[in-house]
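See below for coords.cif, which holds mmCIF, C-alpha atoms and all ligand atoms.
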data_protein
#
loop_
_atom_site.label_atom_id
_atom_site.label_comp_id
_atom_site.auth_asym_id
_atom_site.auth_seq_id
_atom_site.Cartn_x
_atom_site.Cartn_y
_atom_site.Cartn_z
CA MET A 225 0.00 0.00 0.00
CA PHE A 226 1.24 3.46 -0.90
CA ASP A 227 0.58 6.95 0.44
CA GLN A 228 -1.80 8.62 -1.99
CA ASN A 229 0.04 11.96 -1.91
CA THR A 230 3.65 10.80 -2.11
CA ALA A 231 3.36 7.27 -3.60
CA LYS A 232 5.78 6.06 -0.90
CA PRO A 233 4.98 2.83 0.95
CA ILE A 234 2.87 3.39 4.05
CA LEU A 235 4.18 2.25 7.41
CA LYS A 236 2.88 -1.15 8.48
CA ASP A 237 4.17 -3.33 11.30
CA PRO A 238 4.59 -7.13 11.29
CA PHE A 239 1.19 -7.50 13.01
CA GLY A 240 -0.62 -5.74 10.16
CA ARG A 241 -1.14 -2.48 12.06
CA THR A 242 -0.84 0.64 9.90
CA ILE A 243 0.95 3.54 11.56
CA THR A 244 -0.96 6.75 11.01
CA TYR A 245 -0.22 8.59 14.23
CA LEU A 246 3.03 10.15 15.45
CA ARG A 247 3.60 11.46 18.96
CA LEU A 248 6.58 13.71 18.98
CA SER A 249 8.29 14.99 22.10
CA VAL A 250 9.69 18.43 21.30
CA THR A 251 11.56 18.96 24.58
CA ASP A 252 12.37 17.10 27.78
CA ARG A 253 12.11 20.34 29.75
CA CYS A 254 9.12 21.38 31.79
CA ASP A 255 7.97 24.14 34.13
CA LEU A 256 6.40 21.57 36.49
CA ARG A 257 7.80 18.47 38.22
CA CYS A 258 4.89 16.06 38.58
CA THR A 259 5.78 13.38 41.12
CA TYR A 260 4.91 10.43 38.85
CA CYS A 261 6.80 11.90 35.89
CA MET A 262 10.00 13.61 37.00
CA ALA A 263 12.45 13.77 39.85
CA GLU A 264 12.38 17.04 41.80
CA ASP A 265 15.99 17.76 40.84
CA MET A 266 15.60 16.45 37.29
CA THR A 267 18.70 16.71 35.10
CA PHE A 268 17.72 17.80 31.61
CA LEU A 269 19.49 16.78 28.43
CA PRO A 270 22.31 18.88 27.01
CA LYS A 271 20.87 21.10 24.25
CA ARG A 272 23.04 19.58 21.51
CA GLU A 273 21.36 16.20 22.08
CA VAL A 274 17.92 17.64 21.45
CA LEU A 275 16.72 17.92 17.85
CA SER A 276 16.51 21.43 16.42
CA LEU A 277 13.12 22.66 15.27
CA GLU A 278 14.22 22.06 11.67
CA GLU A 279 15.19 18.48 12.53
CA LEU A 280 11.84 17.95 14.27
CA LEU A 281 10.08 19.19 11.13
CA ALA A 282 12.18 16.84 8.98
CA VAL A 283 11.08 13.91 11.18
CA CYS A 284 7.43 14.93 10.85
CA THR A 285 7.76 15.32 7.09
CA ALA A 286 9.34 11.86 6.73
CA PHE A 287 6.41 10.34 8.64
CA ILE A 288 3.81 12.36 6.72
CA HIS A 289 5.31 11.14 3.45
CA ARG A 290 4.85 7.58 4.69
CA GLY A 291 1.17 7.95 5.51
CA VAL A 292 1.03 9.49 9.00
CA ARG A 293 -2.16 11.62 9.21
CA LYS A 294 -2.11 12.78 12.80
CA ILE A 295 0.64 14.37 14.85
CA ARG A 296 0.54 15.10 18.55
CA LEU A 297 3.25 17.31 20.03
CA THR A 298 4.21 16.54 23.59
CA GLY A 299 7.18 16.59 25.91
CA GLY A 300 8.22 17.62 28.60
CA GLU A 301 6.08 20.68 28.20
CA PRO A 302 5.85 21.45 24.48
CA LEU A 303 4.90 25.09 25.04
CA VAL A 304 8.10 25.89 26.94
CA ARG A 305 10.22 25.01 23.90
CA ARG A 306 11.58 28.25 22.50
CA ASP A 307 10.06 29.24 19.13
CA ILE A 308 7.74 26.22 19.16
CA LEU A 309 5.22 28.24 17.15
CA TRP A 310 7.56 28.00 14.16
CA LEU A 311 7.13 24.21 14.14
CA ILE A 312 3.40 24.42 14.88
CA ASN A 313 2.86 26.86 12.02
CA ALA A 314 4.92 24.70 9.64
CA LEU A 315 2.84 21.65 10.53
CA GLY A 316 -0.33 23.72 10.36
CA ALA A 317 0.56 24.46 6.74
CA GLN A 318 0.58 20.69 6.09
CA LEU A 319 -2.99 20.57 7.41
CA GLY A 320 -3.88 23.26 4.92
CA ARG A 321 -2.34 21.22 2.07
CA GLY A 322 -4.32 18.11 3.04
CA MET A 323 -1.14 16.22 4.01
CA LEU A 324 -2.31 15.88 7.63
CA ASP A 325 -5.75 15.38 9.15
CA GLU A 326 -4.94 16.56 12.64
CA LEU A 327 -2.34 18.42 14.64
CA THR A 328 -2.74 18.39 18.41
CA LEU A 329 -0.84 18.99 21.60
CA THR A 330 -0.65 17.53 25.09
CA THR A 331 0.13 20.29 27.54
CA ASN A 332 0.08 21.02 31.25
CA GLY A 333 -1.85 24.17 30.32
CA THR A 334 0.32 26.72 32.11
CA GLN A 335 1.33 28.48 28.89
CA LEU A 336 -2.07 28.32 27.18
CA PRO A 337 -3.11 31.85 28.16
CA ARG A 338 -0.17 33.01 25.99
CA PHE A 339 -0.47 30.52 23.14
CA ALA A 340 -4.10 29.42 22.70
CA GLY A 341 -4.95 31.99 20.01
CA ASP A 342 -1.81 31.17 18.00
CA LEU A 343 -2.54 27.45 18.19
CA ALA A 344 -6.05 27.94 16.84
CA ARG A 345 -4.75 30.22 14.06
CA ALA A 346 -2.22 27.53 13.09
CA GLY A 347 -5.11 25.14 12.44
CA MET A 348 -5.16 23.21 15.70
CA ARG A 349 -8.66 22.21 16.73
CA ARG A 350 -8.11 20.30 19.97
CA VAL A 351 -5.70 20.20 22.88
CA ASN A 352 -5.28 17.76 25.77
CA VAL A 353 -4.67 19.47 29.08
CA SER A 354 -3.31 17.48 32.01
CA LEU A 355 -5.03 18.32 35.28
CA ASP A 356 -4.90 15.88 38.17
CA SER A 357 -6.58 18.02 40.80
CA ARG A 358 -8.52 21.28 41.04
CA ASP A 359 -7.57 21.72 44.66
CA PRO A 360 -4.76 24.31 44.79
CA ASP A 361 -2.77 22.61 47.58
CA ARG A 362 -3.13 19.18 46.09
CA PHE A 363 -2.25 20.42 42.62
CA ARG A 364 0.87 22.02 44.07
CA ALA A 365 1.78 18.80 45.87
CA ILE A 366 1.38 16.68 42.72
CA THR A 367 3.21 19.07 40.40
CA ARG A 368 5.62 20.39 43.06
CA LEU A 369 5.63 23.82 41.34
CA GLY A 370 2.23 24.43 39.81
CA ASP A 371 -0.56 26.92 40.41
CA VAL A 372 -3.88 25.38 39.42
CA ARG A 373 -5.37 28.80 38.65
CA GLN A 374 -2.85 29.20 35.84
CA VAL A 375 -4.01 25.92 34.30
CA GLU A 376 -7.68 26.85 34.66
CA ALA A 377 -6.89 30.18 32.99
CA GLY A 378 -5.21 28.17 30.24
CA ILE A 379 -8.33 26.06 29.77
CA ASP A 380 -10.45 29.23 29.61
CA ALA A 381 -8.12 30.70 27.00
CA ALA A 382 -8.22 27.53 24.92
CA GLN A 383 -12.00 27.38 24.95
CA ASP A 384 -12.23 31.11 24.18
CA ALA A 385 -9.96 30.53 21.17
CA GLY A 386 -12.34 27.80 19.94
CA LEU A 387 -10.12 24.84 20.81
CA ARG A 388 -11.83 21.69 22.07
CA VAL A 389 -10.26 20.69 25.38
CA LYS A 390 -9.88 17.19 26.71
CA VAL A 391 -8.66 16.85 30.28
CA ASN A 392 -6.18 14.09 31.15
CA MET A 393 -6.11 13.03 34.77
CA VAL A 394 -3.63 10.50 36.12
CA ALA A 395 -5.38 8.56 38.86
CA VAL A 396 -3.06 8.44 41.85
CA ARG A 397 -4.07 6.32 44.82
CA GLY A 398 -4.54 8.24 48.04
CA VAL A 399 -3.91 11.53 46.25
CA ASN A 400 -6.78 12.35 43.90
CA ASP A 401 -9.02 9.26 43.91
CA ASP A 402 -11.69 11.11 45.91
CA GLU A 403 -11.81 13.86 43.28
CA ILE A 404 -12.47 11.86 40.13
CA ALA A 405 -16.28 12.10 40.22
CA ASP A 406 -16.11 15.88 40.82
CA MET A 407 -13.66 16.25 37.95
CA LEU A 408 -15.99 14.36 35.62
CA ALA A 409 -18.93 16.56 36.64
CA TRP A 410 -16.84 19.71 36.15
CA CYS A 411 -15.56 18.61 32.73
CA SER A 412 -19.02 17.64 31.61
CA GLY A 413 -20.38 21.05 32.73
CA ARG A 414 -17.76 22.75 30.55
CA GLY A 415 -18.20 20.54 27.48
CA MET A 416 -14.84 18.82 27.93
CA ASP A 417 -14.06 15.11 27.71
CA LEU A 418 -12.12 13.55 30.57
CA THR A 419 -9.57 10.76 30.18
CA LEU A 420 -8.34 8.91 33.24
CA ILE A 421 -4.89 7.31 33.07
CA GLU A 422 -3.42 4.57 35.24
CA THR A 423 -0.04 5.46 36.71
CA MET A 424 2.55 3.65 34.62
CA PRO A 425 5.78 2.19 35.96
CA MET A 426 8.21 4.59 34.30
CA GLY A 427 11.10 6.77 35.46
CA ASP A 428 13.87 6.34 37.96
CA ASP A 429 11.70 5.50 40.97
CA ILE A 430 9.51 2.73 39.62
CA ALA A 431 8.98 1.33 43.13
CA ALA A 432 7.14 4.54 44.07
CA ARG A 433 4.59 3.85 41.33
CA ASP A 434 3.37 0.75 43.22
CA ALA A 435 2.03 2.92 46.00
CA GLN A 436 0.50 5.36 43.49
CA PHE A 437 -1.19 2.75 41.33
CA LEU A 438 -4.99 2.87 41.30
CA PRO A 439 -6.71 0.30 39.05
CA LEU A 440 -9.26 2.11 36.91
CA THR A 441 -11.52 -0.94 36.85
CA ALA A 442 -12.46 -0.10 40.47
CA VAL A 443 -12.81 3.61 39.68
CA LEU A 444 -15.19 2.82 36.84
CA ASP A 445 -17.48 0.82 39.15
CA ASP A 446 -17.63 3.80 41.50
CA LEU A 447 -18.37 6.26 38.66
CA LYS A 448 -21.10 4.00 37.29
CA ALA A 449 -22.91 4.38 40.61
CA LYS A 450 -22.89 8.18 40.20
CA PHE A 451 -23.20 8.77 36.44
CA GLN A 452 -25.06 7.12 33.62
CA LEU A 453 -22.16 5.69 31.62
CA THR A 454 -22.75 3.83 28.39
CA PRO A 455 -19.95 2.29 26.32
CA SER A 456 -19.31 4.62 23.39
CA GLN A 457 -18.71 3.68 19.78
CA HIS A 458 -16.00 6.35 19.67
CA GLN A 459 -12.65 4.89 18.55
CA THR A 460 -9.38 6.69 17.94
CA GLY A 461 -7.12 3.69 17.31
CA GLY A 462 -5.55 4.86 20.57
CA PRO A 463 -5.39 3.26 23.97
CA ALA A 464 -8.51 4.82 25.53
CA ARG A 465 -11.85 3.06 25.93
CA TYR A 466 -14.74 5.52 25.95
CA TYR A 467 -18.06 5.91 27.72
CA ASP A 468 -20.77 8.47 27.00
CA VAL A 469 -21.72 10.41 30.12
CA GLY A 470 -25.53 10.59 30.19
CA THR A 471 -26.77 12.88 27.44
CA SER A 472 -24.19 15.59 28.21
CA GLY A 473 -22.19 14.92 25.05
CA THR A 474 -19.13 14.42 27.29
CA ARG A 475 -17.04 11.30 26.93
CA LEU A 476 -15.11 9.56 29.67
CA GLY A 477 -11.98 7.80 28.44
CA LEU A 478 -10.02 5.21 30.38
CA ILE A 479 -6.39 4.42 29.63
CA THR A 480 -5.68 1.16 31.40
CA PRO A 481 -2.26 -0.12 30.37
CA LEU A 482 -2.01 -2.19 33.53
CA THR A 483 -5.47 -3.65 34.03
CA GLN A 484 -6.60 -4.07 30.40
CA ASN A 485 -4.02 -4.28 27.66
CA PHE A 486 -4.86 -2.03 24.72
CA CYS A 487 -2.15 -2.84 22.21
CA ALA A 488 -4.13 -4.77 19.59
CA GLY A 489 -5.27 -1.67 17.70
CA CYS A 490 -2.13 0.41 18.21
CA ASN A 491 -1.60 2.80 15.28
CA ARG A 492 1.16 4.97 16.70
CA VAL A 493 4.84 5.44 17.27
CA ARG A 494 6.64 7.89 19.50
CA VAL A 495 9.71 9.93 18.70
CA THR A 496 11.71 11.50 21.52
CA CYS A 497 13.16 14.99 21.47
CA THR A 498 16.55 13.38 20.76
CA GLY A 499 15.23 11.65 17.65
CA ARG A 500 14.77 8.12 18.94
CA ILE A 501 11.77 6.21 17.68
CA TYR A 502 10.25 4.13 20.43
CA MET A 503 7.94 1.71 18.76
CA CYS A 504 6.16 1.19 22.08
CA LEU A 505 5.83 3.37 25.19
CA GLY A 506 6.35 0.37 27.43
CA GLN A 507 9.52 -1.07 25.88
CA ASP A 508 13.08 0.10 25.57
CA ASP A 509 13.63 -0.96 21.95
CA HIS A 510 14.32 2.08 19.81
CA ILE A 511 15.91 3.27 16.60
CA ASP A 512 17.94 6.44 16.41
CA LEU A 513 16.98 8.89 13.68
CA ARG A 514 19.31 11.67 14.80
CA ALA A 515 22.43 10.31 13.12
CA ALA A 516 20.51 10.17 9.82
CA LEU A 517 19.19 13.69 10.33
CA ARG A 518 22.71 14.96 10.99
CA GLY A 519 24.27 13.10 8.05
CA GLU A 520 26.30 10.88 10.40
CA THR A 521 25.17 7.58 8.90
CA PRO A 522 24.64 6.41 5.31
CA HIS A 523 21.11 5.22 6.20
CA SER A 524 18.21 7.35 5.06
CA LEU A 525 15.30 8.27 7.31
CA ASP A 526 13.06 6.04 5.16
CA THR A 527 15.33 3.02 5.72
CA LEU A 528 15.27 3.63 9.46
CA LEU A 529 11.48 3.98 9.48
CA ASP A 530 11.22 0.61 7.72
CA ARG A 531 13.54 -0.91 10.30
CA ALA A 532 11.47 0.57 13.10
CA MET A 533 8.32 -0.99 11.68
CA LEU A 534 9.92 -4.43 11.72
CA ALA A 535 10.82 -3.93 15.37
CA LYS A 536 7.39 -2.81 16.62
CA PRO A 537 6.43 -5.28 19.36
CA GLU A 538 3.00 -6.83 19.59
CA ARG A 539 2.35 -5.39 23.05
CA HIS A 540 3.95 -3.64 26.02
CA ASP A 541 5.09 -5.52 29.12
CA PHE A 542 3.43 -3.38 31.82
CA ALA A 543 1.30 -5.41 34.21
CA ALA A 544 -0.11 -5.25 37.71
CA GLU A 545 0.19 -8.50 39.62
CA GLY A 546 -0.81 -8.83 43.26
CA GLY A 547 -0.72 -5.05 43.68
CA GLN A 548 2.83 -4.85 42.29
CA LEU A 549 3.64 -3.23 38.98
CA THR A 550 5.90 -5.17 36.64
CA GLY A 551 7.42 -4.60 33.22
CA GLY A 552 8.44 -1.03 34.07
CA VAL A 553 10.93 0.99 32.05
CA GLY A 554 13.57 3.31 33.52
CA ARG A 555 12.93 5.99 30.88
CA HIS A 556 11.08 9.08 32.03
CA MET A 557 7.73 9.77 30.45
CA SER A 558 8.99 13.29 29.74
CA HIS A 559 11.73 11.85 27.46
CA THR A 560 9.44 9.67 25.43
CA GLY A 561 6.46 11.95 25.46
CA GLY A 562 3.24 10.76 27.06
N1 LIG B 1 3.74 18.27 29.94
C1 LIG B 1 2.62 17.83 29.20
C2 LIG B 1 1.51 17.36 30.09
O1 LIG B 1 1.73 17.19 31.29
O2 LIG B 1 0.43 17.17 29.57
C3 LIG B 1 2.95 16.78 28.17
C4 LIG B 1 3.89 15.68 28.55
S1 LIG B 1 3.31 14.60 29.85
C5 LIG B 1 4.67 13.47 29.98
C6 LIG B 1 2.05 13.70 29.01
C7 LIG B 1 1.09 12.93 29.87
O3 LIG B 1 1.79 11.87 30.50
C8 LIG B 1 0.45 13.73 30.98
O4 LIG B 1 -0.95 13.60 30.90
C9 LIG B 1 0.97 13.10 32.23
O5 LIG B 1 0.03 13.18 33.27
C10 LIG B 1 1.24 11.68 31.78
N2 LIG B 1 2.21 10.95 32.60
C11 LIG B 1 3.45 11.31 32.97
N3 LIG B 1 4.04 10.34 33.71
C12 LIG B 1 3.14 9.33 33.82
C13 LIG B 1 3.14 8.03 34.45
N4 LIG B 1 4.19 7.58 35.14
N5 LIG B 1 2.03 7.28 34.32
C14 LIG B 1 0.95 7.71 33.63
N6 LIG B 1 0.90 8.90 33.00
C15 LIG B 1 1.97 9.71 33.10
FE1 LIG B 2 5.88 18.22 33.11
FE2 LIG B 2 3.88 16.97 31.93
FE3 LIG B 2 5.75 15.56 33.25
FE4 LIG B 2 4.08 17.05 34.64
S1 LIG B 2 3.54 15.29 33.36
S2 LIG B 2 6.32 17.01 34.89
S3 LIG B 2 3.73 18.74 33.29
S4 LIG B 2 6.05 16.76 31.43
#
Could you spell out this file's structure in structure tokens?
Ligand code: SAM
Ligand code: SF4
Amino acid sequence: MFDQNTAKPILKDPFGRTITYLRLSVTDRCDLRCTYCMAEDMTFLPKREVLSLEELLAVCTAFIHRGVRKIRLTGGEPLVRRDILWLINALGAQLGRGMLDELTLTTNGTQLPRFAGDLARAGMRRVNVSLDSRDPDRFRAITRLGDVRQVEAGIDAAQDAGLRVKVNMVAVRGVNDDEIADMLAWCSGRGMDLTLIETMPMGDDIAARDAQFLPLTAVLDDLKAKFQLTPSQHQTGGPARYYDVGTSGTRLGLITPLTQNFCAGCNRVRVTCTGRIYMCLGQDDHIDLRAALRGETPHSLDTLLDRAMLAKPERHDFAAEGGQLTGGVGRHMSHTGG
């Protein structure tokens, strides 16, 4: 099968899954230090290791030419990358040319008051905003540095600019489990979908994730007692399973890497800000594109993309057994891009 615009072969893995979705981390840096994501005294990568904006665009273009139709920028915090609008506008132009169907962003929301209008003008239609608590003290404790009012102002700015907002909430046992129902009611009142995410065993303190892990199967039972939830037909090819919340038009998504494996329909790959393709969030196998981008290897980007496809595993190894998380990876989520 060939891409209809470029006549290049589309990206297909050995399990017959077509790759149409790229998640690209544009920086490992962030203005927050969420406990489940980063160490408090996180050491960031030397700048020379991080791809330039031009190199990031070259990666996106290579994927677009091979059939990728959707790109999500992430990080670290994508909106703290200097001159990020240059990349967003360049990718927005690809939307205009029909080479991409969607350009989106996962953000902690702190910079949205500044950027929301520009994002909408670039052609973005939706953003995912991570918000684990609306309680100011709790939000500060989870993020170590954050002010929840800044994020709420960011959500206001995004909605004012016409962007659809989906809220991502990592469910952390003993920290925000008592707030999930209120968050769903709040999101639904504002016309926003809510996706709940199980804490994944990633980063340099994987043992700490055991204590934080809250199985969403139990959370769902609790929510069903409070809301009318019906399984939704909505499918993104992504990891979330969706429920319609009453007749509000709001959808509840559940990302359950630990309690219900979601790999069968996986249509995505992730590229880090250093140019490594991780074929799977939950495995350490990767292929380095940076040497090809910098002319330091005879292999072309296309050859490396083909190699990456052959190496895409059938599923990740994360699991929760007897309350203990297994299959963890030492990589930080902020390197790979969540
Ligand atoms: N800074 C942006 C943000 O927070 O939305 C984008 C990058 S962040 C790494 C992307 C998503 O990964 C966020 O929703 C965050 O909550 C989630 N995340 C980070 N570490 C995680 C972990 N150990 N388990 C589950 N989700 C995690
Ligand atoms: Fe930063 Fe996002 Fe990680 Fe929080 S989850 S530390 S906001 S990259």
- Message: Excluding stretch 331-338 of chain A and its own-chain neighbours fewer than 6 positions away, which residues fall within 10 Å of it when counting all atoms listed in the file? Please give them as a ChimeraX atom specification.
- Response: /A:254-256,297-304,351-356,367,370-382,384-385,391-392
Those same residues - C-alpha atoms - I'd like them written as a compact mmCIF listing (two decimals), keeping the file's coordinate frame.
# COMPACT_ATOMS: atom_id res chain seq x y z
CA CYS A 254 9.12 21.38 31.79
CA ASP A 255 7.97 24.14 34.13
CA LEU A 256 6.40 21.57 36.49
CA LEU A 297 3.25 17.31 20.03
CA THR A 298 4.21 16.54 23.59
CA GLY A 299 7.18 16.59 25.91
CA GLY A 300 8.22 17.62 28.60
CA GLU A 301 6.08 20.68 28.20
CA PRO A 302 5.85 21.45 24.48
CA LEU A 303 4.90 25.09 25.04
CA VAL A 304 8.10 25.89 26.94
CA VAL A 351 -5.70 20.20 22.88
CA ASN A 352 -5.28 17.76 25.77
CA VAL A 353 -4.67 19.47 29.08
CA SER A 354 -3.31 17.48 32.01
CA LEU A 355 -5.03 18.32 35.28
CA ASP A 356 -4.90 15.88 38.17
CA THR A 367 3.21 19.07 40.40
CA GLY A 370 2.23 24.43 39.81
CA ASP A 371 -0.56 26.92 40.41
CA VAL A 372 -3.88 25.38 39.42
CA ARG A 373 -5.37 28.80 38.65
CA GLN A 374 -2.85 29.20 35.84
CA VAL A 375 -4.01 25.92 34.30
CA GLU A 376 -7.68 26.85 34.66
CA ALA A 377 -6.89 30.18 32.99
CA GLY A 378 -5.21 28.17 30.24
CA ILE A 379 -8.33 26.06 29.77
CA ASP A 380 -10.45 29.23 29.61
CA ALA A 381 -8.12 30.70 27.00
CA ALA A 382 -8.22 27.53 24.92
CA ASP A 384 -12.23 31.11 24.18
CA ALA A 385 -9.96 30.53 21.17
CA VAL A 391 -8.66 16.85 30.28
CA ASN A 392 -6.18 14.09 31.15
- Pull the neighbourhood of (-21.9, 12.5, 28.0) for me: all residues within 9 Å in file coordinates, counting all atoms listed in the file, as a count of residues only. 16
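With atom CA of A:Leu280 on one side and atom CA of A:Thr242 on the other, the separation reads 21.9 Å.
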- Message: When you look at A:Met533 with a cut-off of 8 Å (counting only C-alpha atoms), what residues show up, excluding the ones that are within fewer than 5 positions of it in the same chain? I need them as number ranges by chain.
- Response: A: 235-238, 503
Atoms to include: C-alpha atoms. Write the selected residues as a CSV table (one decimal), in the frame of the given file.
chain,number,residue,atom,x,y,z
A,235,LEU,CA,4.2,2.2,7.4
A,236,LYS,CA,2.9,-1.2,8.5
A,237,ASP,CA,4.2,-3.3,11.3
A,238,PRO,CA,4.6,-7.1,11.3
A,503,MET,CA,7.9,1.7,18.8
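Atom O1 of ligand LIG 1 (chain B) lies 27.1 Å from atom CA of A:Gln457.
Taking all atoms listed in the file, the non-local environment of stretch 263-272 of chain A within 7 Å (same-chain residues fewer than 5 positions away omitted) comprises Asp252, Arg253 and Arg257 of chain A.
Restricting the calculation to all atoms listed in the file, the smallest distance between ligand LIG 1 (chain B) and any of A:Arg465, A:Arg290, A:Lys390, A:Arg364 is found for A:Lys390.
Atom C6 of ligand LIG 1 (chain B) is positioned 12.2 Å from atom CA of A:Leu420.
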Generate a file for stretch 306-313 of chain A, containing all heavy atoms, as a compact mmCIF listing (two decimals), in the first residue's frame.
# COMPACT_ATOMS: atom_id res chain seq x y z
N ARG A 306 11.45 26.94 23.14
CA ARG A 306 11.58 28.25 22.50
C ARG A 306 11.20 28.18 21.00
O ARG A 306 11.60 27.24 20.32
CB ARG A 306 13.02 28.73 22.63
CG ARG A 306 13.23 30.15 22.16
CD ARG A 306 14.70 30.36 21.96
NE ARG A 306 15.36 30.44 23.25
CZ ARG A 306 15.92 31.55 23.73
NH1 ARG A 306 15.88 32.65 23.04
NH2 ARG A 306 16.51 31.54 24.90
N ASP A 307 10.47 29.13 20.54
CA ASP A 307 10.06 29.24 19.13
C ASP A 307 9.22 28.05 18.64
O ASP A 307 9.19 27.77 17.45
CB ASP A 307 11.27 29.41 18.21
CG ASP A 307 11.98 30.72 18.47
OD1 ASP A 307 11.29 31.69 18.88
OD2 ASP A 307 13.21 30.77 18.30
N ILE A 308 8.53 27.39 19.55
CA ILE A 308 7.74 26.22 19.16
C ILE A 308 6.67 26.58 18.12
O ILE A 308 6.27 25.75 17.30
CB ILE A 308 7.10 25.55 20.42
CG1 ILE A 308 6.47 24.21 20.05
CG2 ILE A 308 6.06 26.43 21.07
CD1 ILE A 308 7.42 23.17 19.56
N LEU A 309 6.26 27.85 18.13
CA LEU A 309 5.22 28.24 17.15
C LEU A 309 5.71 28.09 15.72
O LEU A 309 4.93 27.88 14.80
CB LEU A 309 4.76 29.67 17.39
CG LEU A 309 3.68 29.85 18.46
CD1 LEU A 309 3.31 31.32 18.58
CD2 LEU A 309 2.44 29.01 18.15
N TRP A 310 7.02 28.19 15.53
CA TRP A 310 7.56 28.00 14.16
C TRP A 310 7.20 26.60 13.66
O TRP A 310 6.70 26.43 12.54
CB TRP A 310 9.08 28.19 14.18
CG TRP A 310 9.69 27.97 12.82
CD1 TRP A 310 9.83 28.89 11.83
CD2 TRP A 310 10.21 26.72 12.31
NE1 TRP A 310 10.39 28.31 10.72
CE2 TRP A 310 10.64 26.98 10.98
CE3 TRP A 310 10.34 25.45 12.82
CZ2 TRP A 310 11.20 25.99 10.18
CZ3 TRP A 310 10.90 24.45 12.02
CH2 TRP A 310 11.32 24.74 10.72
N LEU A 311 7.43 25.60 14.52
CA LEU A 311 7.13 24.21 14.14
C LEU A 311 5.61 24.03 13.99
O LEU A 311 5.14 23.39 13.03
CB LEU A 311 7.68 23.24 15.20
CG LEU A 311 7.42 21.77 14.94
CD1 LEU A 311 8.15 21.29 13.68
CD2 LEU A 311 7.86 20.91 16.14
N ILE A 312 4.86 24.59 14.91
CA ILE A 312 3.40 24.42 14.88
C ILE A 312 2.83 25.05 13.60
O ILE A 312 1.97 24.48 12.93
CB ILE A 312 2.77 25.00 16.16
CG1 ILE A 312 3.16 24.12 17.34
CG2 ILE A 312 1.26 25.13 16.04
CD1 ILE A 312 2.78 24.64 18.72
N ASN A 313 3.35 26.23 13.25
CA ASN A 313 2.86 26.86 12.02
C ASN A 313 3.26 26.05 10.78
O ASN A 313 2.48 25.90 9.83
CB ASN A 313 3.39 28.29 11.91
CG ASN A 313 2.63 29.21 12.86
OD1 ASN A 313 1.42 29.05 13.06
ND2 ASN A 313 3.31 30.17 13.44
